>>> print(open('input_23.txt').read())   # compact mmCIF, C-alpha atoms
# COMPACT_ATOMS: atom_id res chain seq x y z
CA MET J 171 5.79 -6.85 20.50
CA LEU J 172 6.72 -7.45 16.89
CA LYS J 173 7.25 -4.21 15.01
CA ALA J 174 7.91 -5.05 11.34
CA PHE J 175 9.30 -7.52 8.84
CA GLU J 176 12.62 -5.87 8.02
CA LYS J 177 13.98 -8.45 5.57
CA ILE J 178 12.90 -11.77 4.11
CA ARG J 179 15.12 -13.65 1.66
CA ASN J 180 14.63 -16.91 -0.20
CA PHE J 181 11.43 -17.69 1.68
CA GLY J 182 8.53 -18.54 -0.64
CA VAL J 183 7.52 -15.60 -2.82
CA PHE J 184 9.90 -13.34 -0.88
CA LYS J 185 13.14 -13.63 -2.83
CA ASP J 186 14.68 -10.39 -1.58
CA TYR J 187 12.23 -8.32 0.48
CA SER J 188 13.43 -5.29 2.40
CA ARG J 189 11.06 -3.07 4.33
CA PRO J 190 10.16 0.00 2.25
CA VAL J 191 10.96 3.40 3.70
CA GLY J 192 7.91 4.92 5.34
CA LEU J 193 6.02 1.64 5.87
CA GLU J 194 4.18 1.82 9.19
CA ASP J 195 4.97 -0.54 12.07
CA PHE J 196 2.55 -3.27 13.10
CA ALA J 197 -0.24 -2.19 15.44
CA GLU J 198 -1.75 -4.15 18.31
CA LEU J 199 -4.05 -5.91 15.82
CA ASN J 200 -3.15 -6.45 12.16
CA LEU J 201 -4.96 -7.87 9.17
CA ILE J 202 -2.98 -9.60 6.44
CA TYR J 203 -4.87 -10.19 3.21
CA GLY J 204 -4.07 -10.51 -0.47
CA TRP J 205 -4.54 -12.46 -3.67
CA ASN J 206 -3.67 -16.13 -3.89
CA TYR J 207 0.11 -16.66 -4.06
CA ALA J 208 0.76 -13.18 -2.64
CA GLY J 209 2.70 -14.49 0.40
CA LYS J 210 0.15 -14.89 3.21
CA THR J 211 1.02 -18.55 3.84
CA THR J 212 4.72 -17.72 3.60
CA LEU J 213 4.34 -15.09 6.34
CA SER J 214 2.54 -17.64 8.50
CA ARG J 215 5.50 -19.99 7.96
CA VAL J 216 7.87 -17.27 9.13
CA PHE J 217 5.82 -16.98 12.33
CA ARG J 218 5.78 -20.78 12.64
CA SER J 219 9.58 -20.82 12.24
CA ILE J 220 9.81 -18.52 15.25
CA GLU J 221 7.50 -20.76 17.24
CA LYS J 222 9.32 -23.99 16.28
CA GLN J 223 12.78 -22.39 16.41
CA ALA J 224 13.54 -23.84 12.98
CA VAL J 225 12.94 -22.66 9.44
CA HIS J 226 10.22 -24.54 7.53
CA GLN J 227 11.64 -27.64 5.80
CA ASP J 228 10.70 -26.32 2.35
CA TYR J 229 12.82 -23.20 2.85
CA VAL J 230 16.22 -24.35 4.04
CA GLY J 231 18.59 -21.42 3.64
CA ALA J 232 15.84 -18.84 4.04
CA ARG J 233 16.58 -15.73 6.07
CA PHE J 234 14.40 -13.23 7.84
CA GLU J 235 14.64 -10.39 10.30
CA ILE J 236 11.73 -9.07 12.33
CA SER J 237 12.22 -5.98 14.47
CA THR J 238 10.63 -5.63 17.89
CA ASP J 239 9.48 -2.58 19.79
CA ASN J 240 12.33 -2.88 22.30
CA GLY J 241 15.06 -2.46 19.66
CA PHE J 242 15.89 -6.13 19.32
CA ALA J 243 15.35 -8.39 16.31
CA ILE J 244 14.24 -11.94 15.68
CA THR J 245 16.03 -13.82 12.90
CA GLU J 246 15.95 -17.29 11.43
CA SER J 247 18.96 -18.22 13.56
CA CYS J 248 17.63 -16.93 16.87
CA SER J 249 13.94 -17.10 17.60
CA SER J 250 14.17 -15.18 20.83
CA PRO J 251 14.84 -11.45 20.49
CA ALA J 252 18.51 -10.59 20.27
CA LEU J 253 20.55 -7.69 19.02
CA VAL J 254 21.53 -8.41 15.43
CA ASP J 255 23.23 -6.55 12.64
CA THR J 256 21.41 -6.30 9.35
CA PHE J 257 22.51 -9.04 7.02
CA SER J 258 23.79 -8.66 3.49
>>> encode(input="input_23.txt", output="structure tokens")
Amino acid sequence: MLKAFEKIRNFGVFKDYSRPVGLEDFAELNLIYGWNYAGKTTLSRVFRSIEKQAVHQDYVGARFEISTDNGFAITESCSSPALVDTFS
């Protein structure tokens, strides 16, 4: 199961997002809401990138890292969980 967005860079409104200390992990069910242009569609495009195994065409060069509950991570370069180092 997906645990948290650890990092998102150059992807829509997320220029340099890093997970804040103390932010809770995802639960079994999660609700994402916010004002217009807050990043909801961008997050859906991150999920779509995982599904399609390619970053959305509008965000070439974007990077993301999503941690999973088994200690692995999903990144823009590998859509199936794999061990990865944090990127700089």
>>> atom_distance(input="input_23.txt", atom1="CA of Asn240 in chain J", atom2="CA of Gly204 in chain J")
29.1 Å
>>> residues_around(input="input_23.txt", residues="range 185-195 of chain J", least_positions_apart="4", cutoff="8 Å", atoms="only C-alpha atoms", output="ChimeraX atom specification")
/J:173-181
>>> atom_distance(input="input_23.txt", atom1="CA of Phe196 in chain J", atom2="CA of Arg233 in chain J")
20.0 Å
>>> residues_near_point(input="input_23.txt", point="(16.9, -14.9, 7.8)", cutoff="6 Å", atoms="all atoms listed in the file", output="PyMOL selection string")
chain J and resi 232-235+245-246
>>> atom_distance(input="input_23.txt", atom1="CA of Cys248 in chain J", atom2="CA of Asp228 in chain J")
18.6 Å
>>> closest_residue(input="input_23.txt", among="J:Tyr229, J:Ile202, J:Phe242, J:Ile236", to="Ser214 in chain J", atoms="only C-alpha atoms")
J:Ile202
>>> axis_aligned_box(input="input_23.txt", around="range 171-183 of chain J", padding_each_side="6 Å", output="JSON")
{"center_x": 10.5, "center_y": -11.4, "center_z": 8.8, "size_x": 21.3, "size_y": 26.3, "size_z": 35.3}
>>> decode(input="input_23.txt", residues="range 222-241 of chain J", atoms="N, CA and C atoms", output="PDB file, in the first residue's frame")
ATOM      1  N   LYS J 222       0.606   4.538 -16.004  1.00  0.00           N
ATOM      2  CA  LYS J 222       1.066   4.504 -17.398  1.00  0.00           C
ATOM      3  C   LYS J 222       2.553   4.195 -17.525  1.00  0.00           C
ATOM      4  N   GLN J 223       3.272   4.219 -16.413  1.00  0.00           N
ATOM      5  CA  GLN J 223       4.715   4.019 -16.389  1.00  0.00           C
ATOM      6  C   GLN J 223       5.445   5.059 -17.222  1.00  0.00           C
ATOM      7  N   ALA J 224       4.922   6.279 -17.194  1.00  0.00           N
ATOM      8  CA  ALA J 224       5.542   7.413 -17.875  1.00  0.00           C
ATOM      9  C   ALA J 224       5.009   8.697 -17.255  1.00  0.00           C
ATOM     10  N   VAL J 225       5.880   9.670 -17.095  1.00  0.00           N
ATOM     11  CA  VAL J 225       5.472  10.953 -16.543  1.00  0.00           C
ATOM     12  C   VAL J 225       4.591  11.676 -17.552  1.00  0.00           C
ATOM     13  N   HIS J 226       3.592  12.391 -17.070  1.00  0.00           N
ATOM     14  CA  HIS J 226       2.670  13.153 -17.910  1.00  0.00           C
ATOM     15  C   HIS J 226       3.461  14.038 -18.874  1.00  0.00           C
ATOM     16  N   GLN J 227       2.999  14.138 -20.101  1.00  0.00           N
ATOM     17  CA  GLN J 227       3.717  14.865 -21.161  1.00  0.00           C
ATOM     18  C   GLN J 227       3.966  16.332 -20.840  1.00  0.00           C
ATOM     19  N   ASP J 228       3.134  16.935 -20.000  1.00  0.00           N
ATOM     20  CA  ASP J 228       3.321  18.334 -19.632  1.00  0.00           C
ATOM     21  C   ASP J 228       4.406  18.531 -18.579  1.00  0.00           C
ATOM     22  N   TYR J 229       4.927  17.441 -18.028  1.00  0.00           N
ATOM     23  CA  TYR J 229       5.873  17.543 -16.918  1.00  0.00           C
ATOM     24  C   TYR J 229       7.142  16.728 -17.149  1.00  0.00           C
ATOM     25  N   VAL J 230       7.664  16.799 -18.341  1.00  0.00           N
ATOM     26  CA  VAL J 230       8.917  16.102 -18.642  1.00  0.00           C
ATOM     27  C   VAL J 230       9.996  16.645 -17.712  1.00  0.00           C
ATOM     28  N   GLY J 231      10.729  15.779 -17.085  1.00  0.00           N
ATOM     29  CA  GLY J 231      11.755  16.190 -16.136  1.00  0.00           C
ATOM     30  C   GLY J 231      11.267  16.225 -14.692  1.00  0.00           C
ATOM     31  N   ALA J 232       9.983  15.964 -14.499  1.00  0.00           N
ATOM     32  CA  ALA J 232       9.436  15.937 -13.140  1.00  0.00           C
ATOM     33  C   ALA J 232       9.956  14.718 -12.397  1.00  0.00           C
ATOM     34  N   ARG J 233      10.017  14.848 -11.073  1.00  0.00           N
ATOM     35  CA  ARG J 233      10.486  13.739 -10.243  1.00  0.00           C
ATOM     36  C   ARG J 233       9.548  13.570  -9.060  1.00  0.00           C
ATOM     37  N   PHE J 234       9.370  12.335  -8.645  1.00  0.00           N
ATOM     38  CA  PHE J 234       8.582  12.078  -7.448  1.00  0.00           C
ATOM     39  C   PHE J 234       9.054  10.798  -6.785  1.00  0.00           C
ATOM     40  N   GLU J 235       8.760  10.711  -5.519  1.00  0.00           N
ATOM     41  CA  GLU J 235       9.062   9.508  -4.744  1.00  0.00           C
ATOM     42  C   GLU J 235       7.897   9.271  -3.794  1.00  0.00           C
ATOM     43  N   ILE J 236       7.336   8.079  -3.862  1.00  0.00           N
ATOM     44  CA  ILE J 236       6.224   7.696  -2.999  1.00  0.00           C
ATOM     45  C   ILE J 236       6.660   6.464  -2.220  1.00  0.00           C
ATOM     46  N   SER J 237       6.616   6.562  -0.889  1.00  0.00           N
ATOM     47  CA  SER J 237       7.011   5.408  -0.078  1.00  0.00           C
ATOM     48  C   SER J 237       5.849   4.433   0.045  1.00  0.00           C
ATOM     49  N   THR J 238       6.193   3.183   0.280  1.00  0.00           N
ATOM     50  CA  THR J 238       5.192   2.136   0.452  1.00  0.00           C
ATOM     51  C   THR J 238       5.363   1.519   1.836  1.00  0.00           C
ATOM     52  N   ASP J 239       4.357   0.797   2.267  1.00  0.00           N
ATOM     53  CA  ASP J 239       4.391   0.233   3.616  1.00  0.00           C
ATOM     54  C   ASP J 239       5.372  -0.919   3.781  1.00  0.00           C
ATOM     55  N   ASN J 240       5.931  -1.417   2.682  1.00  0.00           N
ATOM     56  CA  ASN J 240       6.905  -2.503   2.794  1.00  0.00           C
ATOM     57  C   ASN J 240       8.353  -2.004   2.707  1.00  0.00           C
ATOM     58  N   GLY J 241       8.553  -0.683   2.806  1.00  0.00           N
ATOM     59  CA  GLY J 241       9.897  -0.128   2.815  1.00  0.00           C
ATOM     60  C   GLY J 241      10.461   0.188   1.453  1.00  0.00           C
TER      61      GLY J 241
END
